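Each remark here refers to the structure printed beneath this line.
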Amino acid sequence: MKLQNIKIILASLLVLVSIHVVAEDKQTRETPILPKAGDIGLGIDLVPVLDYVGNMFNGNTFNSLNSFGGEPVLIAGPFAPNLAIRGKYMYTDNMALRLSFATLGRTYNQKLYIRDDAAFFHDPLSEAKLIDVYKHHRTGMEIALGSEWRRGYNRIQGYAGADLIFGFERTTDTYEYANLITEINQTPSRTAGLFNVPPTPIAVPYWTQAYVTGRYHDGNNLFVGLGAVVGVEYFISSHLSLGGEVSLYALQMFSRQSYQEQEGFNTLTNKVEKRTELLSPGSNGFAFGTDNLGGKLYMMFYF
């Protein structure tokens, strides 16, 4: 075979390979690789990011996209977090297990100066001060576990699914006073009324004054429920999508007994006494409506 013919054949093969590569590249760009069975997806909530960016430009700290998924339906109370951590597992090409999770743990200490009664007793001109402390502790968790069925075309996949929801929270408030109650000082100087969450004492017969030392819940407040979700994901590239979701939830809340600890000076016994006062026997509530618990707008990465 002549050298010229070999060059022609090689050039033709090179052109064919180039055309094939370009065609594959174009097809890849037009039809991204979608998640398949065995893939795992991790997602983040984009609403806080959009809130932050919006606040940068308009100076409004209340703008948000909550209307995309409706108002929250969780019972109004101390614990109703958004589910910001999302995960999915594709057990078939069109079916996925879904998990959403939120947790919180907060501790807040407020300190206020108060007159040192002992120093003032010995010297009325004394400016010595002590410190009263208010401590707030709050913990909680919420989890939603379910499955979804997916179907789509090209870059868009829609889905529908259902969730089981469980959550709990616990809150305690404690108050520490520097000036102690004594037989001589039965109503010491205390800053209880100036705390961010001022205690409300319950009067006790024969006590000079009642002081709250702590407020507690006998167990956790529980949330249980079911949810139905409908959403869509748009794949901006292979295995990377932007999604939006709306949902319908029915939630039941159970609140356990609450009580507070008190102390005061009993004028009959001439002693400092401590007492437990019941505040509530517990309560329950039911909520039904649209909410998306952190899934309003999100970004999902599959691997």
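Labels used: A, B, ... for chains in the order of the structure tokens, numbers from 1 for residues in each chain, and numbers from 1 for ligands as shown.
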At a cut-off of 12 Å, can you tabulate as a Markdown table every residue of region 195-292 of chain A near region 126-139 of chain A together with its closest atom pair and the distance in Å to one decimal, using only C-alpha atoms and ordering rows by chain then number?
| residue | atom | partner | partner_atom | distance |
| --- | --- | --- | --- | --- |
| A:Phe195 | CA | A:Tyr134 | CA | 6.8 |
| A:Asn196 | CA | A:Tyr134 | CA | 8.3 |
| A:Val197 | CA | A:Tyr134 | CA | 8.2 |
| A:Pro198 | CA | A:Tyr134 | CA | 8.9 |
| A:Pro199 | CA | A:Tyr134 | CA | 9.8 |
| A:Val212 | CA | A:Tyr134 | CA | 10.9 |
| A:Thr213 | CA | A:Tyr134 | CA | 9.3 |
| A:Gly214 | CA | A:Lys135 | CA | 9.2 |
| A:Arg215 | CA | A:His136 | CA | 9.7 |
| A:Tyr216 | CA | A:His137 | CA | 10.2 |
| A:His217 | CA | A:Arg138 | CA | 11.2 |
| A:Asn220 | CA | A:Thr139 | CA | 9.7 |
| A:Asn221 | CA | A:Thr139 | CA | 10.8 |
Can I get the selection written as a CSV table (one decimal), in the first residue's frame, with all heavy atoms?
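Now in part_8.csv:
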chain,number,residue,atom,x,y,z
A,195,PHE,N,-34.3,39.6,84.5
A,195,PHE,CA,-33.8,38.6,83.6
A,195,PHE,C,-34.5,38.6,82.2
A,195,PHE,O,-35.7,39.1,82.2
A,195,PHE,CB,-33.9,37.2,84.2
A,195,PHE,CG,-32.9,36.9,85.3
A,195,PHE,CD1,-33.2,36.4,86.5
A,195,PHE,CD2,-31.5,37.2,85.0
A,195,PHE,CE1,-32.3,36.2,87.5
A,195,PHE,CE2,-30.6,36.9,86.0
A,195,PHE,CZ,-31.0,36.4,87.3
A,196,ASN,N,-33.9,38.1,81.2
A,196,ASN,CA,-34.6,38.1,79.9
A,196,ASN,C,-35.9,37.2,80.0
A,196,ASN,O,-36.9,37.5,79.3
A,196,ASN,CB,-33.7,37.5,78.8
A,196,ASN,CG,-32.6,38.5,78.4
A,196,ASN,OD1,-32.7,39.7,78.6
A,196,ASN,ND2,-31.5,38.0,77.8
A,197,VAL,N,-35.8,36.2,80.7
A,197,VAL,CA,-37.0,35.4,81.0
A,197,VAL,C,-37.3,35.4,82.5
A,197,VAL,O,-36.8,34.6,83.3
A,197,VAL,CB,-36.8,33.9,80.5
A,197,VAL,CG1,-38.1,33.1,80.8
A,197,VAL,CG2,-36.5,33.9,79.1
A,198,PRO,N,-38.0,36.4,83.0
A,198,PRO,CA,-38.2,36.6,84.4
A,198,PRO,C,-39.1,35.5,85.0
A,198,PRO,O,-40.0,35.1,84.4
A,198,PRO,CB,-38.9,38.0,84.5
A,198,PRO,CG,-39.5,38.2,83.2
A,198,PRO,CD,-38.7,37.5,82.2
A,199,PRO,N,-38.7,35.0,86.1
A,199,PRO,CA,-39.5,33.9,86.8
A,199,PRO,C,-40.8,34.5,87.3
A,199,PRO,O,-40.9,35.6,87.7
A,199,PRO,CB,-38.6,33.4,87.9
A,199,PRO,CG,-37.7,34.5,88.2
A,199,PRO,CD,-37.5,35.3,86.9
A,212,VAL,N,-38.2,31.7,92.5
A,212,VAL,CA,-38.0,30.6,91.5
A,212,VAL,C,-36.6,30.3,91.3
A,212,VAL,O,-35.8,31.2,91.0
A,212,VAL,CB,-38.7,30.9,90.2
A,212,VAL,CG1,-38.6,29.7,89.2
A,212,VAL,CG2,-40.2,31.1,90.4
A,213,THR,N,-36.2,29.0,91.5
A,213,THR,CA,-34.8,28.6,91.2
A,213,THR,C,-34.7,27.8,89.9
A,213,THR,O,-33.6,27.6,89.4
A,213,THR,CB,-34.2,27.8,92.4
A,213,THR,OG1,-35.1,26.6,92.6
A,213,THR,CG2,-34.2,28.6,93.7
A,214,GLY,N,-35.8,27.3,89.4
A,214,GLY,CA,-35.7,26.6,88.1
A,214,GLY,C,-37.1,26.2,87.6
A,214,GLY,O,-38.0,26.0,88.3
A,215,ARG,N,-37.2,26.2,86.3
A,215,ARG,CA,-38.4,25.7,85.6
A,215,ARG,C,-38.0,24.6,84.7
A,215,ARG,O,-37.1,24.6,83.9
A,215,ARG,CB,-39.0,26.9,84.7
A,215,ARG,CG,-39.4,28.1,85.6
A,215,ARG,CD,-39.8,29.3,84.7
A,215,ARG,NE,-40.8,28.9,83.7
A,215,ARG,CZ,-42.1,29.1,84.0
A,215,ARG,NH1,-42.6,29.5,85.1
A,215,ARG,NH2,-43.0,28.7,83.0
A,216,TYR,N,-38.9,23.5,84.7
A,216,TYR,CA,-38.5,22.2,84.1
A,216,TYR,C,-39.8,21.6,83.4
A,216,TYR,O,-40.9,21.9,83.7
A,216,TYR,CB,-38.0,21.2,85.1
A,216,TYR,CG,-36.8,21.8,85.9
A,216,TYR,CD1,-37.0,22.4,87.1
A,216,TYR,CD2,-35.5,21.7,85.4
A,216,TYR,CE1,-36.0,22.9,87.9
A,216,TYR,CE2,-34.4,22.2,86.2
A,216,TYR,CZ,-34.7,22.8,87.4
A,216,TYR,OH,-33.7,23.3,88.2
A,217,HIS,N,-39.5,20.7,82.5
A,217,HIS,CA,-40.5,19.9,81.9
A,217,HIS,C,-40.2,18.4,82.3
A,217,HIS,O,-39.1,18.0,82.2
A,217,HIS,CB,-40.5,20.0,80.3
A,217,HIS,CG,-40.9,21.4,79.8
A,217,HIS,ND1,-42.2,21.8,79.8
A,217,HIS,CD2,-40.1,22.4,79.4
A,217,HIS,CE1,-42.2,23.0,79.4
A,217,HIS,NE2,-41.0,23.4,79.1
A,220,ASN,N,-39.9,15.0,77.6
A,220,ASN,CA,-39.8,15.7,76.4
A,220,ASN,C,-41.1,16.1,75.8
A,220,ASN,O,-42.1,15.4,76.0
A,220,ASN,CB,-39.0,14.9,75.3
A,220,ASN,CG,-37.6,14.6,75.8
A,220,ASN,OD1,-36.9,15.5,76.4
A,220,ASN,ND2,-37.1,13.4,75.5
A,221,ASN,N,-41.1,17.2,75.0
A,221,ASN,CA,-42.3,17.5,74.1
A,221,ASN,C,-42.0,16.7,72.9
A,221,ASN,O,-41.0,16.8,72.3
A,221,ASN,CB,-42.4,19.0,73.8
A,221,ASN,CG,-42.7,19.8,75.1
A,221,ASN,OD1,-43.4,19.3,76.0
A,221,ASN,ND2,-42.2,21.0,75.1
Query - Exercise: Phe265 (chain A) partners within 9 Å, only C-alpha atoms, chain neighbours under 4 positions left out, as a ChimeraX atom specification - result: /A:181-183,186-187,206-210,269-274
Okay, now the selection with N, CA and C atoms, as a PDB file, in the first residue's frame?
ATOM      1  N   ILE A 181     -30.890  33.500 101.240  1.00  0.00           N
ATOM      2  CA  ILE A 181     -31.970  33.747 102.186  1.00  0.00           C
ATOM      3  C   ILE A 181     -31.513  33.282 103.570  1.00  0.00           C
ATOM      4  N   THR A 182     -31.641  34.127 104.543  1.00  0.00           N
ATOM      5  CA  THR A 182     -31.285  33.787 105.925  1.00  0.00           C
ATOM      6  C   THR A 182     -32.379  34.277 106.864  1.00  0.00           C
ATOM      7  N   GLU A 183     -32.262  33.902 108.136  1.00  0.00           N
ATOM      8  CA  GLU A 183     -33.238  34.359 109.115  1.00  0.00           C
ATOM      9  C   GLU A 183     -33.168  35.872 109.284  1.00  0.00           C
ATOM     10  N   GLN A 186     -34.479  37.830 105.144  1.00  0.00           N
ATOM     11  CA  GLN A 186     -35.508  36.931 104.620  1.00  0.00           C
ATOM     12  C   GLN A 186     -35.945  37.298 103.199  1.00  0.00           C
ATOM     13  N   THR A 187     -35.704  38.532 102.779  1.00  0.00           N
ATOM     14  CA  THR A 187     -36.024  38.967 101.412  1.00  0.00           C
ATOM     15  C   THR A 187     -34.784  39.632 100.806  1.00  0.00           C
ATOM     16  N   TYR A 206     -47.224  31.523 104.508  1.00  0.00           N
ATOM     17  CA  TYR A 206     -46.242  31.679 105.570  1.00  0.00           C
ATOM     18  C   TYR A 206     -44.811  31.879 105.046  1.00  0.00           C
ATOM     19  N   TRP A 207     -44.656  32.005 103.749  1.00  0.00           N
ATOM     20  CA  TRP A 207     -43.339  32.358 103.205  1.00  0.00           C
ATOM     21  C   TRP A 207     -43.273  33.879 103.091  1.00  0.00           C
ATOM     22  N   THR A 208     -42.155  34.443 103.518  1.00  0.00           N
ATOM     23  CA  THR A 208     -41.975  35.881 103.371  1.00  0.00           C
ATOM     24  C   THR A 208     -41.998  36.282 101.899  1.00  0.00           C
ATOM     25  N   GLN A 209     -41.311  35.510 101.077  1.00  0.00           N
ATOM     26  CA  GLN A 209     -41.271  35.750  99.635  1.00  0.00           C
ATOM     27  C   GLN A 209     -40.864  34.452  98.950  1.00  0.00           C
ATOM     28  N   ALA A 210     -41.465  34.150  97.793  1.00  0.00           N
ATOM     29  CA  ALA A 210     -41.109  32.960  97.021  1.00  0.00           C
ATOM     30  C   ALA A 210     -40.181  33.359  95.876  1.00  0.00           C
ATOM     31  N   THR A 269     -41.780  28.152 110.728  1.00  0.00           N
ATOM     32  CA  THR A 269     -40.710  27.234 111.132  1.00  0.00           C
ATOM     33  C   THR A 269     -39.374  27.942 111.310  1.00  0.00           C
ATOM     34  N   ASN A 270     -39.304  29.226 110.868  1.00  0.00           N
ATOM     35  CA  ASN A 270     -38.044  29.977 110.901  1.00  0.00           C
ATOM     36  C   ASN A 270     -36.926  29.234 110.159  1.00  0.00           C
ATOM     37  N   LYS A 271     -37.284  28.662 109.017  1.00  0.00           N
ATOM     38  CA  LYS A 271     -36.323  27.923 108.203  1.00  0.00           C
ATOM     39  C   LYS A 271     -36.474  28.298 106.731  1.00  0.00           C
ATOM     40  N   VAL A 272     -35.369  28.139 105.985  1.00  0.00           N
ATOM     41  CA  VAL A 272     -35.417  28.286 104.534  1.00  0.00           C
ATOM     42  C   VAL A 272     -35.940  26.975 103.957  1.00  0.00           C
ATOM     43  N   GLU A 273     -36.985  27.041 103.142  1.00  0.00           N
ATOM     44  CA  GLU A 273     -37.605  25.836 102.594  1.00  0.00           C
ATOM     45  C   GLU A 273     -37.559  25.857 101.073  1.00  0.00           C
ATOM     46  N   LYS A 274     -37.578  24.670 100.495  1.00  0.00           N
ATOM     47  CA  LYS A 274     -37.664  24.492  99.042  1.00  0.00           C
ATOM     48  C   LYS A 274     -38.943  23.738  98.735  1.00  0.00           C
TER      49      LYS A 274
END
Check which residues of region 135-204 of chain A sit at most 7 Å from region 223-227 of chain A using only C-alpha atoms, and return one row each with the closest pair of atoms and their distance in Å to one decimal, ordered by chain and rising number, as CSV.
residue,atom,partner,partner_atom,distance
A:Ala162,CA,A:Gly227,CA,5.5
A:Asp163,CA,A:Gly227,CA,4.9
A:Leu164,CA,A:Leu226,CA,4.9
A:Ile165,CA,A:Gly225,CA,5.0
A:Phe166,CA,A:Val224,CA,4.6
A:Gly167,CA,A:Phe223,CA,4.8
A:Phe168,CA,A:Phe223,CA,6.0
Requested in this report: Output as a PyMOL selection string all residues of region 58-228 of chain A that backbone DSSP marks as strand (DSSP E).
Outcome: chain A and resi 85-90+95-115+129-153+156-176+207-217+221-228
Query - Those in region 69-179 of chain A with alpha helix (DSSP H) from DSSP, as a list of chain:residue names - result: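 Those residues are A:Asp117, A:Ala118, A:Ala119, A:Phe120, A:Phe121, A:His122.
Distance-wise, CA of Ala118 (chain A) and CA of Tyr175 (chain A) end up 20.2 Å apart.
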Query raised in the report: Can you list, as a ChimeraX atom specification, every protein, DNA or RNA residue that comes within 10 Å of Leu222 (chain A) when you count only C-alpha atoms, leaving out same-chain residues fewer than 2 positions away?
Result: /A:140-142,166-170,219-220,224,252-256,284
Query raised in the report: Using only C-alpha atoms, which residues sit within 7 Å of region 96-107 of chain A once same-chain residues fewer than 2 positions away are excluded, as a ChimeraX atom specification?
Result: /A:81-92,94,109,136-149
Prev. selection, C-alpha atoms, output as a JSON list (two decimals), in the first residue's frame:
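Saved the output as selection13.json:
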[["chain", "number", "residue", "atom", "x", "y", "z"],
["A", 81, "PRO", "CA", -36.59, 23.90, 63.40],
["A", 82, "ASN", "CA", -36.22, 23.62, 59.66],
["A", 83, "LEU", "CA", -34.83, 20.33, 58.38],
["A", 84, "ALA", "CA", -31.71, 21.65, 56.68],
["A", 85, "ILE", "CA", -29.70, 18.42, 56.21],
["A", 86, "ARG", "CA", -31.03, 16.23, 53.41],
["A", 87, "GLY", "CA", -29.98, 12.83, 52.08],
["A", 88, "LYS", "CA", -31.23, 10.36, 49.48],
["A", 89, "TYR", "CA", -30.33, 6.80, 48.51],
["A", 90, "MET", "CA", -31.33, 5.49, 45.07],
["A", 91, "TYR", "CA", -32.32, 1.85, 45.55],
["A", 92, "THR", "CA", -33.57, 1.71, 41.96],
["A", 94, "ASN", "CA", -36.65, 5.57, 39.81],
["A", 109, "ASN", "CA", -26.15, 32.54, 80.44],
["A", 136, "HIS", "CA", -31.26, 28.70, 79.64],
["A", 137, "HIS", "CA", -30.76, 25.21, 78.14],
["A", 138, "ARG", "CA", -32.55, 23.95, 75.06],
["A", 139, "THR", "CA", -32.05, 20.72, 73.11],
["A", 140, "GLY", "CA", -34.04, 19.11, 70.36],
["A", 141, "MET", "CA", -34.07, 16.94, 67.26],
["A", 142, "GLU", "CA", -36.37, 16.37, 64.32],
["A", 143, "ILE", "CA", -36.13, 13.67, 61.66],
["A", 144, "ALA", "CA", -38.19, 12.75, 58.60],
["A", 145, "LEU", "CA", -37.70, 9.37, 56.87],
["A", 146, "GLY", "CA", -39.53, 8.23, 53.75],
["A", 147, "SER", "CA", -39.37, 7.21, 50.11],
["A", 148, "GLU", "CA", -40.06, 8.85, 46.76],
["A", 149, "TRP", "CA", -40.85, 7.80, 43.20]]
Query raised in the report: Hey, can you check how far CA of Asn154 (chain A) sits from CA of Ala228 (chain A)?
Result: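 According to the coordinates, CA of Asn154 (chain A) and CA of Ala228 (chain A) are separated by 25.2 Å.
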Query - CA of Asp173 (chain A) to CA of Arg115 (chain A), straight-line distance in Å - result: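 Spanning CA of Arg115 (chain A) to CA of Asp173 (chain A) is a straight-line distance of 23.0 Å.
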